[in-house]
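First comes the structure, then the notes that go with it.
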Amino acid sequence: MTSTNLAYFSNGAIYACLAIFTIAFFSHAIEVAWSVRNVENHDQTEFDFEKTRRAGRIGTAMMILGFAVLSVAVVTRGLSAHRVPWGNMYEFSITGALMLTAAYLFAFSKYKVRWLGLPVSISVLLTLGTAITVLYRPSAPLVPALKSPWLAIHVLAAIISGGVFLVANLVAATFLIMERYELKGGRPLWANKIPSLDSLDQLSYRLIAFVFPLWTFAVIAGAIWAESAWGKYWSWDPKETWAFITWVAYAAYLHARVTVGWRGRRAAWLCIFAGSTFLFNYIWVNIWGTGLHTYSGL
Amino acid sequence: MAQPESQVPNIGVTGLLRWAWRQLTSMRTALILLMLLGVAAIPGSLFPQRSQNPQKVDSYFTSDPTLAKWMDRLHLFNVYASPWFSAIYLLLFISLIGCVLPRTFHHLRAIAKKPPLTPRNLDRMEGYRIVPVDQEQALEIAEKWLKHHRFRIRREGNSISAEKGYSRETGNLLFHLSLILILAGVGLGGLMGMKGEAILNVGDRFINTPTSYDNISYGKFQGQGSLAPFSLTVKNFVASYLPTTGQPSNYVLTTSISSPIGAPAKEVIIKVNKPWTSGSTKVYLQANGYSPVVTVRDKSGNITFQGAVIFLPQDGNLSSLGAIKIPDMKPQIGFIASFIPTASSTAARGIFSTYPEVLDPRLVLSAWKGNLGLDSGTPQSVYSLDTSKMTKIGLKALTLGSTYDFGAGTITFDGWKAWVNLQIVDDPGKMYSLFGAIFAILGLLISLFTRQRRIWIKVGDDVEIAGLAKNGILGLEEELKALARALEEFRGETQ
């Protein structure tokens, strides 16, 4: 296939992903919504999740299919430009959505967290939708500043970290919602399948402890690259500054947990705060910020 | 009348200092300082910084001078070199040292020591269980098992105390010591380094001495005579662009470099991600643009100026702006000029560039006569013309090779040269920072992926085992189960 055909193919695959993740979202939503309706008809203590299991399975199948198709979309996008597909914000976003799905599937295979599919699928949908409508740029070769092996290393590490940070944020947000229910007298029945507060708390901590070294590496790889491209390994460019702030926030989170013993609500809020600094960096600095990290439009 | 009793005990100056030191080096203070550093970094990303975007800082001063003056007093345009930012990171630096060094010594002593004694009442510990095995050989088997799993063992009387995972603290300390090394490298680079820029036309020769630079700044302890001795000649510069969008695709700078000066020159190619290195000095290709070549003659045809004038690019299609100053004519003559590499024009926009390569160039001139103001004493930009004491005498767009007669003389647009902006940086501290960064990641991985725990076995009336996991890490239960299984299996073998 020629480069142009590959680029069109990649775009087609992205639209297919929008459909697949929409089905995934509705399947996960139906799993929850059905439960809610059943609550009214049944004795609450005998609530039966069997009926909704199938919808949940369809959701998971769609997440896996979506992951596969999205991988194809990202790979063909890269092939169409003969480079790694991380040259502009459109490409960061589709790869980021892929990493978010991967982080979910990883967490799912390890901790059986199907319930996370609902927030994850809606986040992926929003990311892909914004990417293809607002951020889209035609496939093109890289500007000279990006021509470096560090592009693959630095950006991939940053995107994977971002995907895991987002999942950790979704888990922390779920913790806060569930805790609110429990403080008010108990979870609604549909939420009974969601793990205990304790496991949610542990899960978000583990995700962050797992990915913090990778984020540290992403920042350092960026510094090494900056040294060879701009002549200075750290120049307090807005993107660097916010990457540092994110790093500090997660370092504070880890210290708060390990040495001060924060658990539960305070830890969840700190986790969400740290995750928001990452999102702020991605959205605000890319679109409205100035500095050395702005390339080719977006 | 009774004196109200003082609440503060009298501890004296040394006591106060000791108290302050203990406060500063506590983990809580270090954490607060770390958070503060994060918060303090924010304004620098919201307001333009002098080091990155001086033009935008100037625009703050023109649009609201009073506000800008106050922001400047708070160092908001120079956050990362401001006293308050420096104060935070210096305090953090001291606090880190004061926090980590004692812990390192403590840890080294702990490594040399044996694990602590087995507690008297094991049943209060985690995962307590009684293993139904013979008492006689239990300790032998347990010791073998624990040794096999690389626990540190202390066997005393009828019990074994074993500990594993000291590397967690080792990794933790390695990480924090590495952060200190990074900060030390940053400081060393700032104090002993230099950074400068020079704009060179193709064909120019650059000798690495302070006067060759357009701007240069030194660290506090960098001697001005210690610049790396080399000379560099710009042989050729090729910029390639994508025909469809005009986006740059490649820059290749060919130079010939003699290092040290006088040594045989060798050809060196410098690209954006490929600087030339000599010791701790590096030469980077940073920017490029065009210098139109012009000849100016007076009325009698004598050449008053001839050469390439560096213009600054204004947009992605390299429309470039500059000034040509002729102080040797009377009255003095100046031109505000723009160089358009590939010209196109509409009624609304006038002449503009549609492509960054030179395909159909124009030199658009506005000619001025009067006083250039070069003798006023205040330094002047070479890229702009101070027209306050001048009058405009004409406007003309020149094609390549054509001449404009502005009354007092003529100007001919002879051609153009490409220029490159070289950034020359000497940072002797960066290797330390790099090693610090590598060790920091290693330390982080070690500390986050090892678990520290203790296991005890005690043989009395029963064989009891129990354990303790630091920070409640999971996995201890499985380990105790495995130990119990090992003990039971051995019983199975002997029967």
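As shown in the structure tokens, the chain order sets the letters A, B, ...; within each chain, residues go from 1, and ligands are also counted from 1 in the order they appear.
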Counting only C-alpha atoms, which residues of chain B sit at most 9 Å from some atom of chain A, and what is each one's closest atom pair with its distance in Å to one decimal, listed by chain and rising residue number, as a tab-separated table?
```
residue	atom	partner	partner_atom	distance
B:Met27	CA	A:Thr259	CA	8.9
B:Arg28	CA	A:Val260	CA	8.7
B:Leu31	CA	A:Ala252	CA	6.8
B:Ile32	CA	A:Ala252	CA	8.8
B:Leu34	CA	A:Val248	CA	6.8
B:Met35	CA	A:Val248	CA	6.6
B:Leu37	CA	A:Val248	CA	8.3
B:Gly38	CA	A:Ile245	CA	4.9
B:Val39	CA	A:Ile245	CA	7.5
B:Ala41	CA	A:Thr241	CA	6.5
B:Ile42	CA	A:Thr241	CA	7.3
B:Gly44	CA	A:Pro238	CA	7.6
B:Ser45	CA	A:Pro238	CA	4.6
B:Leu46	CA	A:Pro238	CA	7.8
B:Pro48	CA	A:Thr290	CA	8.7
B:Ser51	CA	A:Ser235	CA	8.8
B:Gln52	CA	A:Gly291	CA	7.8
B:Asn53	CA	A:Gly291	CA	8.5
B:Tyr80	CA	A:Trp236	CA	7.6
B:Leu242	CA	A:Pro141	CA	8.5
B:Gln247	CA	A:Val143	CA	7.0
B:Pro248	CA	A:Val143	CA	5.7
B:Ser249	CA	A:Val143	CA	5.1
B:Asn250	CA	A:Pro144	CA	5.2
B:Tyr251	CA	A:Pro144	CA	6.8
B:Lys271	CA	A:Pro144	CA	8.4
B:Val272	CA	A:Ala229	CA	5.7
B:Asn273	CA	A:Ala229	CA	4.5
B:Lys274	CA	A:Ser228	CA	6.5
B:Pro275	CA	A:Ser228	CA	6.6
B:Lys282	CA	A:Gly231	CA	7.6
B:Val283	CA	A:Gly231	CA	8.0
B:Tyr284	CA	A:Gly231	CA	6.3
B:Leu285	CA	A:Ala229	CA	8.5
B:Gln286	CA	A:Trp230	CA	7.1
B:Gln423	CA	A:Gly231	CA	7.2
B:Ile424	CA	A:Gly231	CA	7.8
B:Val425	CA	A:Gly231	CA	6.6
B:Asp427	CA	A:Lys232	CA	8.7
B:Lys430	CA	A:Tyr233	CA	8.1
B:Leu434	CA	A:Ile224	CA	8.0
B:Ala437	CA	A:Ile220	CA	6.8
B:Ile438	CA	A:Ile220	CA	8.5
B:Ala440	CA	A:Thr216	CA	8.7
B:Ile441	CA	A:Pro213	CA	6.2
B:Leu442	CA	A:Pro213	CA	8.7
B:Leu444	CA	A:Pro213	CA	6.3
B:Leu445	CA	A:Pro213	CA	6.4
B:Leu448	CA	A:Ala209	CA	6.7
B:Phe449	CA	A:Phe210	CA	8.4
B:Asn471	CA	A:Val258	CA	6.6
```
>> Could you go through segment 30-143 of chain B and tell me which residues DSSP, when run on the backbone, assigns to helix (DSSP H, G or I), listing them as a ChimeraX atom specification?
In response: /B:30-46,54-63,65-73,79-81,83-112,122-124,135-143
> So how far away is atom CA of Glu357 of chain B from atom CA of Leu79 of chain A, in Å?
Replying inline: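 Taking atom CA of Leu79 of chain A as the start and atom CA of Glu357 of chain B as the end point, the length is 28.0 Å.
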>> When you look at Lys458 of chain B with a cut-off of 6 Å (counting only C-alpha atoms), what residues show up, excluding the ones that are within fewer than 3 positions of it in the same chain? I need them as a list in words.
In response: Asn158, Ser159, Val463 and Glu464 of chain B
Selection above as a file: N, CA and C atoms, as a PDB file, in the first residue's frame:
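What ended up in selection.pdb:
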```pdb
ATOM      1  N   ASN B 158      16.536 -21.716  70.937  1.00  0.00           N
ATOM      2  CA  ASN B 158      15.547 -22.532  70.245  1.00  0.00           C
ATOM      3  C   ASN B 158      14.773 -21.750  69.194  1.00  0.00           C
ATOM      4  N   SER B 159      15.380 -20.668  68.686  1.00  0.00           N
ATOM      5  CA  SER B 159      14.625 -19.874  67.709  1.00  0.00           C
ATOM      6  C   SER B 159      15.537 -19.345  66.612  1.00  0.00           C
ATOM      7  N   VAL B 463       6.036 -26.156  67.249  1.00  0.00           N
ATOM      8  CA  VAL B 463       6.876 -25.395  66.322  1.00  0.00           C
ATOM      9  C   VAL B 463       6.033 -24.234  65.818  1.00  0.00           C
ATOM     10  N   GLU B 464       6.427 -23.008  66.175  1.00  0.00           N
ATOM     11  CA  GLU B 464       5.628 -21.833  65.801  1.00  0.00           C
ATOM     12  C   GLU B 464       6.371 -21.024  64.745  1.00  0.00           C
TER      13      GLU B 464
END
```
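The protein and nucleic acid residues lying at most 10 Å from segment 101-106 of chain B are Glu169, Thr170, Asn172, Leu173, Leu174, His176 and Leu177 of chain B, with only C-alpha atoms considered and sequence neighbours fewer than 6 positions away removed.
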Restricting it to N, CA and C atoms, dump the selection as a short mmCIF file (atom, residue, chain, number, x, y, z; two decimals), in the first residue's frame.
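And here's part.cif as it stands now:
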```
data_model
loop_
_atom_site.label_atom_id
_atom_site.label_comp_id
_atom_site.auth_asym_id
_atom_site.auth_seq_id
_atom_site.Cartn_x
_atom_site.Cartn_y
_atom_site.Cartn_z
N GLU B 169 15.75 -0.52 51.52
CA GLU B 169 16.30 0.72 52.06
C GLU B 169 17.55 1.15 51.28
N THR B 170 18.34 0.15 50.82
CA THR B 170 19.52 0.50 50.01
C THR B 170 19.08 1.26 48.77
N ASN B 172 16.27 2.84 48.27
CA ASN B 172 15.69 4.11 48.70
C ASN B 172 16.78 5.16 48.92
N LEU B 173 17.84 4.76 49.63
CA LEU B 173 18.93 5.71 49.90
C LEU B 173 19.69 6.04 48.63
N LEU B 174 19.90 5.02 47.79
CA LEU B 174 20.59 5.25 46.51
C LEU B 174 19.83 6.30 45.70
N HIS B 176 17.79 8.70 46.81
CA HIS B 176 17.88 10.05 47.37
C HIS B 176 19.30 10.62 47.25
N LEU B 177 20.32 9.75 47.41
CA LEU B 177 21.69 10.23 47.23
C LEU B 177 21.91 10.65 45.78
#
```
>> Taking only C-alpha atoms into account, name the residue in A:Pro119, A:Gly264, A:Pro138, A:Gly59 that is nearest to Glu179 of chain A.
In response: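 When distances to Glu179 of chain A are compared using only C-alpha atoms, the smallest one comes from A:Gly264.
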Spatial neighbours of Met62 of chain A, max dist 12 Å, only C-alpha atoms, sep filter under 3 positions, as an mmCIF file with N, CA and C atoms, in the first residue's frame:
```cif
data_model
loop_
_atom_site.group_PDB
_atom_site.id
_atom_site.type_symbol
_atom_site.label_atom_id
_atom_site.label_comp_id
_atom_site.auth_asym_id
_atom_site.auth_seq_id
_atom_site.Cartn_x
_atom_site.Cartn_y
_atom_site.Cartn_z
ATOM 1 N N ALA A 16 -13.561 2.919 13.004
ATOM 2 C CA ALA A 16 -14.049 1.612 13.456
ATOM 3 C C ALA A 16 -13.925 1.517 14.971
ATOM 4 N N CYS A 17 -12.800 2.023 15.516
ATOM 5 C CA CYS A 17 -12.591 1.991 16.961
ATOM 6 C C CYS A 17 -13.663 2.791 17.681
ATOM 7 N N LEU A 18 -14.057 3.930 17.096
ATOM 8 C CA LEU A 18 -15.107 4.741 17.727
ATOM 9 C C LEU A 18 -16.365 3.887 17.890
ATOM 10 N N ALA A 19 -16.708 3.121 16.829
ATOM 11 C CA ALA A 19 -17.890 2.259 16.909
ATOM 12 C C ALA A 19 -17.697 1.172 17.964
ATOM 13 N N ILE A 20 -16.528 0.524 17.925
ATOM 14 C CA ILE A 20 -16.279 -0.602 18.847
ATOM 15 C C ILE A 20 -16.320 -0.135 20.298
ATOM 16 N N PHE A 21 -15.678 0.999 20.586
ATOM 17 C CA PHE A 21 -15.648 1.464 21.974
ATOM 18 C C PHE A 21 -17.015 1.984 22.409
ATOM 19 N N THR A 22 -17.836 2.434 21.423
ATOM 20 C CA THR A 22 -19.203 2.828 21.770
ATOM 21 C C THR A 22 -19.979 1.601 22.228
ATOM 22 N N ILE A 23 -19.831 0.491 21.476
ATOM 23 C CA ILE A 23 -20.507 -0.747 21.883
ATOM 24 C C ILE A 23 -19.990 -1.182 23.258
ATOM 25 N N ALA A 24 -18.669 -1.095 23.447
ATOM 26 C CA ALA A 24 -18.085 -1.482 24.732
ATOM 27 C C ALA A 24 -18.693 -0.643 25.846
ATOM 28 N N PHE A 25 -18.809 0.672 25.589
ATOM 29 C CA PHE A 25 -19.357 1.564 26.614
ATOM 30 C C PHE A 25 -20.786 1.167 26.953
ATOM 31 N N PHE A 26 -21.617 0.938 25.903
ATOM 32 C CA PHE A 26 -23.016 0.605 26.177
ATOM 33 C C PHE A 26 -23.142 -0.753 26.862
ATOM 34 N N SER A 27 -22.293 -1.715 26.475
ATOM 35 C CA SER A 27 -22.363 -3.029 27.141
ATOM 36 C C SER A 27 -22.079 -2.885 28.628
ATOM 37 N N HIS A 28 -21.015 -2.125 28.933
ATOM 38 C CA HIS A 28 -20.691 -1.936 30.348
ATOM 39 C C HIS A 28 -21.802 -1.159 31.052
ATOM 40 N N ALA A 55 -23.741 -9.138 29.188
ATOM 41 C CA ALA A 55 -23.462 -7.777 28.713
ATOM 42 C C ALA A 55 -22.021 -7.396 29.059
ATOM 43 N N GLY A 56 -21.604 -7.729 30.276
ATOM 44 C CA GLY A 56 -20.241 -7.435 30.709
ATOM 45 C C GLY A 56 -19.220 -8.129 29.832
ATOM 46 N N ARG A 57 -19.537 -9.391 29.463
ATOM 47 C CA ARG A 57 -18.591 -10.145 28.622
ATOM 48 C C ARG A 57 -18.470 -9.518 27.246
ATOM 49 N N ILE A 58 -19.631 -9.098 26.703
ATOM 50 C CA ILE A 58 -19.577 -8.431 25.395
ATOM 51 C C ILE A 58 -18.688 -7.196 25.514
ATOM 52 N N GLY A 59 -18.862 -6.458 26.613
ATOM 53 C CA GLY A 59 -18.051 -5.260 26.848
ATOM 54 C C GLY A 59 -16.577 -5.586 26.809
ATOM 55 N N LEU A 65 -11.208 -6.301 21.213
ATOM 56 C CA LEU A 65 -11.264 -6.024 19.776
ATOM 57 C C LEU A 65 -10.818 -4.588 19.502
ATOM 58 N N GLY A 66 -11.305 -3.661 20.325
ATOM 59 C CA GLY A 66 -10.933 -2.252 20.169
ATOM 60 C C GLY A 66 -9.436 -2.068 20.291
ATOM 61 N N PHE A 67 -8.847 -2.762 21.253
ATOM 62 C CA PHE A 67 -7.393 -2.691 21.436
ATOM 63 C C PHE A 67 -6.677 -3.146 20.168
ATOM 64 N N ALA A 68 -7.167 -4.272 19.583
ATOM 65 C CA ALA A 68 -6.518 -4.815 18.386
ATOM 66 C C ALA A 68 -6.634 -3.842 17.221
ATOM 67 N N VAL A 69 -7.854 -3.339 16.978
ATOM 68 C CA VAL A 69 -8.053 -2.445 15.828
ATOM 69 C C VAL A 69 -7.274 -1.139 16.026
ATOM 70 N N LEU A 70 -7.271 -0.637 17.276
ATOM 71 C CA LEU A 70 -6.558 0.606 17.552
ATOM 72 C C LEU A 70 -5.049 0.413 17.346
ATOM 73 N N THR A 101 -6.218 1.690 27.020
ATOM 74 C CA THR A 101 -6.891 0.396 26.853
ATOM 75 C C THR A 101 -5.977 -0.736 27.318
ATOM 76 N N LEU A 105 -6.696 -3.483 30.165
ATOM 77 C CA LEU A 105 -6.704 -4.934 29.921
ATOM 78 C C LEU A 105 -5.703 -5.627 30.845
ATOM 79 N N GLY A 117 -14.265 -0.969 33.047
ATOM 80 C CA GLY A 117 -14.512 -0.823 31.617
ATOM 81 C C GLY A 117 -15.387 0.376 31.296
ATOM 82 N N LEU A 118 -16.325 0.694 32.180
ATOM 83 C CA LEU A 118 -17.239 1.810 31.910
ATOM 84 C C LEU A 118 -16.477 3.138 31.843
ATOM 85 N N SER A 121 -13.822 2.984 28.857
ATOM 86 C CA SER A 121 -14.310 3.075 27.482
ATOM 87 C C SER A 121 -14.774 4.502 27.166
#
```
>> Residues near Trp269 of chain A, anyone? I mean within 12 Å using only C-alpha atoms, not counting same-chain ones fewer than 2 positions away, as a VMD selection string.
In response: chain A and resid 168 to 177 201 204 249 to 250 253 256 262 to 267 271 to 276
Print the selection's residues with N, CA and C atoms to a file, as an mmCIF file, in the first residue's frame.
```
data_model
loop_
_atom_site.group_PDB
_atom_site.id
_atom_site.type_symbol
_atom_site.label_atom_id
_atom_site.label_comp_id
_atom_site.auth_asym_id
_atom_site.auth_seq_id
_atom_site.Cartn_x
_atom_site.Cartn_y
_atom_site.Cartn_z
ATOM 1 N N ALA A 168 -5.231 4.866 37.144
ATOM 2 C CA ALA A 168 -5.123 5.046 38.598
ATOM 3 C C ALA A 168 -6.091 6.127 39.057
ATOM 4 N N ASN A 169 -6.241 7.178 38.254
ATOM 5 C CA ASN A 169 -7.167 8.252 38.587
ATOM 6 C C ASN A 169 -8.612 7.760 38.597
ATOM 7 N N LEU A 170 -8.956 6.941 37.586
ATOM 8 C CA LEU A 170 -10.317 6.408 37.527
ATOM 9 C C LEU A 170 -10.595 5.536 38.750
ATOM 10 N N VAL A 171 -9.585 4.746 39.145
ATOM 11 C CA VAL A 171 -9.761 3.890 40.327
ATOM 12 C C VAL A 171 -9.949 4.754 41.567
ATOM 13 N N ALA A 172 -9.119 5.808 41.683
ATOM 14 C CA ALA A 172 -9.225 6.679 42.856
ATOM 15 C C ALA A 172 -10.579 7.373 42.890
ATOM 16 N N ALA A 173 -11.074 7.804 41.720
ATOM 17 C CA ALA A 173 -12.383 8.456 41.665
ATOM 18 C C ALA A 173 -13.471 7.475 42.089
ATOM 19 N N THR A 174 -13.369 6.217 41.617
ATOM 20 C CA THR A 174 -14.335 5.195 42.024
ATOM 21 C C THR A 174 -14.298 5.007 43.538
ATOM 22 N N PHE A 175 -13.077 5.008 44.084
ATOM 23 C CA PHE A 175 -12.942 4.874 45.535
ATOM 24 C C PHE A 175 -13.754 5.958 46.233
ATOM 25 N N LEU A 176 -13.573 7.216 45.775
ATOM 26 C CA LEU A 176 -14.237 8.336 46.440
ATOM 27 C C LEU A 176 -15.763 8.208 46.355
ATOM 28 N N ILE A 177 -16.266 7.768 45.178
ATOM 29 C CA ILE A 177 -17.717 7.631 45.011
ATOM 30 C C ILE A 177 -18.250 6.517 45.918
ATOM 31 N N ASP A 201 -8.177 1.125 46.991
ATOM 32 C CA ASP A 201 -7.085 1.934 47.521
ATOM 33 C C ASP A 201 -5.734 1.324 47.151
ATOM 34 N N SER A 204 -4.950 1.497 43.172
ATOM 35 C CA SER A 204 -4.437 2.752 42.616
ATOM 36 C C SER A 204 -2.992 2.965 43.083
ATOM 37 N N ALA A 249 4.391 15.686 42.424
ATOM 38 C CA ALA A 249 3.100 15.321 43.011
ATOM 39 C C ALA A 249 3.033 13.820 43.291
ATOM 40 N N TYR A 250 3.506 13.007 42.328
ATOM 41 C CA TYR A 250 3.470 11.557 42.566
ATOM 42 C C TYR A 250 4.502 11.135 43.614
ATOM 43 N N TYR A 253 2.867 11.711 46.732
ATOM 44 C CA TYR A 253 1.867 10.666 46.955
ATOM 45 C C TYR A 253 2.526 9.416 47.537
ATOM 46 N N ALA A 256 3.669 10.054 51.022
ATOM 47 C CA ALA A 256 2.532 10.149 51.936
ATOM 48 C C ALA A 256 2.033 8.755 52.303
ATOM 49 N N TRP A 262 -0.609 7.637 54.728
ATOM 50 C CA TRP A 262 -1.912 8.065 54.206
ATOM 51 C C TRP A 262 -2.590 6.893 53.514
ATOM 52 N N ARG A 263 -3.880 6.744 53.762
ATOM 53 C CA ARG A 263 -4.678 5.751 53.061
ATOM 54 C C ARG A 263 -5.992 6.406 52.706
ATOM 55 N N GLY A 264 -6.787 5.701 51.893
ATOM 56 C CA GLY A 264 -8.173 6.082 51.704
ATOM 57 C C GLY A 264 -8.382 7.421 51.044
ATOM 58 N N ARG A 265 -9.255 8.235 51.638
ATOM 59 C CA ARG A 265 -9.747 9.423 50.964
ATOM 60 C C ARG A 265 -8.634 10.422 50.645
ATOM 61 N N ARG A 266 -7.782 10.689 51.653
ATOM 62 C CA ARG A 266 -6.724 11.683 51.423
ATOM 63 C C ARG A 266 -5.792 11.228 50.305
ATOM 64 N N ALA A 267 -5.428 9.933 50.331
ATOM 65 C CA ALA A 267 -4.553 9.400 49.289
ATOM 66 C C ALA A 267 -5.229 9.485 47.928
ATOM 67 N N CYS A 271 -3.907 11.468 44.683
ATOM 68 C CA CYS A 271 -3.720 10.743 43.417
ATOM 69 C C CYS A 271 -4.401 11.486 42.281
ATOM 70 N N ILE A 272 -5.639 11.934 42.525
ATOM 71 C CA ILE A 272 -6.385 12.643 41.477
ATOM 72 C C ILE A 272 -5.710 13.978 41.158
ATOM 73 N N PHE A 273 -5.212 14.651 42.210
ATOM 74 C CA PHE A 273 -4.511 15.921 41.977
ATOM 75 C C PHE A 273 -3.290 15.697 41.088
ATOM 76 N N ALA A 274 -2.495 14.667 41.419
ATOM 77 C CA ALA A 274 -1.277 14.400 40.642
ATOM 78 C C ALA A 274 -1.636 14.071 39.198
ATOM 79 N N GLY A 275 -2.689 13.251 39.018
ATOM 80 C CA GLY A 275 -3.122 12.897 37.666
ATOM 81 C C GLY A 275 -3.573 14.124 36.893
ATOM 82 N N SER A 276 -4.219 15.087 37.585
ATOM 83 C CA SER A 276 -4.685 16.275 36.865
ATOM 84 C C SER A 276 -3.522 17.134 36.386
#
```
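Taking atom CA of Ser320 of chain B as the reference point, atom CA of Ser256 of chain B is found at 27.4 Å.
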>> So that I can see what lies close to Phe435 of chain B, please list as a list in words the residues with an atom at most 9 Å from it, counting only C-alpha atoms and leaving out residues fewer than 4 positions away in the same chain.
In response: Ser178, Leu181, Ile182, Lys430, Met431, Phe439 and Ala440 of chain B
>> Using only C-alpha atoms, can you tell me which of A:Tyr15, A:Trp284, A:Phe278, A:Tyr111 comes closest to Ile94 of chain A?
In response: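 Among the listed residues, A:Tyr15 lies closest to Ile94 of chain A.
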> How many Å separate atom CA of Asp426 of chain B from atom CA of Thr281 of chain B?
Replying inline: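 Separation between atom CA of Asp426 of chain B and atom CA of Thr281 of chain B: 4.2 Å.
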>> My list of candidates is A:Met178, A:Ala7, A:Ile287, A:Ile159. Which is closest to Thr76 of chain A when distances are computed with only C-alpha atoms?
In response: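 Smallest separation from Thr76 of chain A among the options: A:Ala7.
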> Restricting the calculation to only C-alpha atoms, which member of B:Ile160, B:Ile411, B:Leu76, B:Ala482 is positioned closest to Phe305 of chain B?
Replying inline: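 The closest residue to Phe305 of chain B is B:Ile411.
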> For Trp84 of chain B, which residue among B:Ile351, B:Trp70, B:Ala112, B:Leu36 is the nearest when counting only C-alpha atoms?
Replying inline: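 Among B:Ile351, B:Trp70, B:Ala112, B:Leu36, it is B:Leu36 that comes nearest to Trp84 of chain B.
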